[in-house]
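Engineer: Please read through the structure below; I'll follow up with questions.
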Amino acid sequence: MAVKRVAVIGAGAAGLCAVRHLKARPDLFEPVCFELNSRVGGTWIYNDKTGLDEHGIPIQSSMYKNLRTNLPKEVMAFPQFPFKKSLPSFIRHEDVLAYLESYAEHYDVYKHIKFNHMVQNVTPAMKTTPPVVSKNTEDGWKVTYCDVRKQDVSYTEEFAAIFVCNGHYAVPLSPVIDGQDKFRGRIIHSHNYRHSVDFTAQRVVCLGAAASGQDIAIDVAHSAYMVYLSHNKAPLQTFLPQNVEQHSGIQRLTEKSVIFKSGEEREIDVLLLCTGYHFHFPFLTGECQVDTTDERITPLYKHLIHIDFPTMAFVGILKTICPFPLFEMQVKFFVATLDGTFKLPSKEKMLEDTEIDFKTRQEQGLPRRYAHTMGTRQWSYNDELADLANIERIPKVVQNLYDGVHVMRVKDIANYKKINYELIDSETYKELGAET
Ligand code: FAD
């Protein structure tokens, strides 16, 4: 079989993992990774600035200065590549960046990356568009890219397959709130949150209580006068700093205040939107036939492989997961389809599988935007991919610790990061009170 050139878009954790596993098979694959930054690490490259970078490109990273991981390093690591033993369980963003750099070094990934290169366009190099029959096409893809320092000159190359690894925490999703045009305070999205001191002595509403909303509420409370954590969930049963109050969602804003759905009103200075992000693939042309309506990406088999063009995969779009181990599982699964060790089902079967997954979520009352949210389902998903493509499963101890830490987080969000963990067995797991 001829060596296939494979494009990898992005050199964050997902892209690095893709290159690592492709380059392990030099007889079959030649990976070329495009990265618009000048270094690896993606969202872990902290940037004090917000807005546009020196090349006029929106800053991708959503990291803030004091961020420490919300998962312990013991579960975060790629299998077979642990974090440094000397680090505590919950580490700073710069430690994760250093880890990803050493991963790239260790697996000799750097030489496959074109830094400062941005993919502008991806289009199928198909002779027939759309393809009549879904198949492991040999026709491949045309990728157009430029050097970010000379954006007026573009280049186009052909590839047999594509890993889309461009991340999904770069384009803020901001709800429109009644009265926001009259509000005289600041409205910012968590994507642009950097330092708590920027909010010293202010009254801040954090809207949204997913992982980022909770973490940022705790962080900003170090400097803010008062923090109102506003969300539509049941109240979090956890210890919160004294100056953090929980409230229902926002009904509307006035010039100086917020009115919560409960009818309560508070004067505020800042509305901090912790309301998530859009999936964004600006480089995919219409011919790629990828739909992202209401944050559901279709048509994807196992949240990963394009059903109509199965030589394109989207690694890492899943949410509420243990990212690095899951990325590796997805990468190995896609590689198995490319090297022929796993044969994808028919197009009809893949569509059916996807619809069953989506309908199950709908029956559970989940809105469409939760189509790629996993939580506890991530473990059966990982095992399913592993078993289908004959890949080693993620060890159960990873799930045990992930679930155990979740229990600790729910109980005491302000302090659970002070503990150091080890990968735990089932007995300890039960002692932590985690549900099986
Ligand atoms: P990214 O890291 O976003 O990388 C995507 C890369 O693609 C970037 O380098 C970008 O420059 C590049 N790119 C984009 N478009 C183009 C283009 N057109 N051409 C070329 N290159 C392009 N995970 C954990 O495991 N533990 C945590 O504690 C944790 N905390 C988090 C906290 C925050 C605030 C955020 C935002 C995320 C956190 N995550 C955490 C999740 C984190 O996103 C993943 O761990 C992981 O790093 C995502 O990697 P990625 O490769 O999918 O995306």
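Going through the structure tokens in order, the chains are called A, B, and so on, while each chain numbers its residues from 1 and the ligands are numbered from 1 in the order shown.
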Can you tell me which residues surround Val143 in chain A at a distance of at most 6 Å, considering only C-alpha atoms, apart from same-chain residues fewer than 3 positions away, and format the answer as a PyMOL selection string?

Structural biologist: chain A and resi 121-122+156-157

Engineer: Let's have the selection written as an mmCIF file, in the first residue's frame, with C-alpha atoms.

Structural biologist:
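Output saved as part_38.cif:
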data_model
loop_
_atom_site.group_PDB
_atom_site.id
_atom_site.type_symbol
_atom_site.label_atom_id
_atom_site.label_comp_id
_atom_site.auth_asym_id
_atom_site.auth_seq_id
_atom_site.Cartn_x
_atom_site.Cartn_y
_atom_site.Cartn_z
ATOM 1 C CA ASN A 121 -9.821 25.747 3.303
ATOM 2 C CA VAL A 122 -10.552 22.046 3.258
ATOM 3 C CA THR A 156 -2.841 23.912 -1.665
ATOM 4 C CA GLU A 157 -1.825 20.298 -1.112
#

Engineer: 6 Å from ligand 1 is the threshold here; counting only C-alpha atoms and all ligand atoms, which polymer residues fall inside it? Answer as a VMD selection string.

Structural biologist: chain A and resid 9 to 15 34 to 37 41 to 43 62 to 63 69 to 71 76 117 to 120 165 to 169 316 322 to 323

Engineer: Within 8 Å of Gly276 in chain A, counting only C-alpha atoms, which residues qualify if same-chain residues fewer than 2 places away don't, as a VMD selection string?

Structural biologist: chain A and resid 169 172 to 174 274 278

Engineer: Looking only at the backbone, which of the residues in range 40-172 of chain A does DSSP tag as helix (DSSP H, G or I), as a PyMOL selection string?

Structural biologist: chain A and resi 42-44+73-76+93-106+110-112
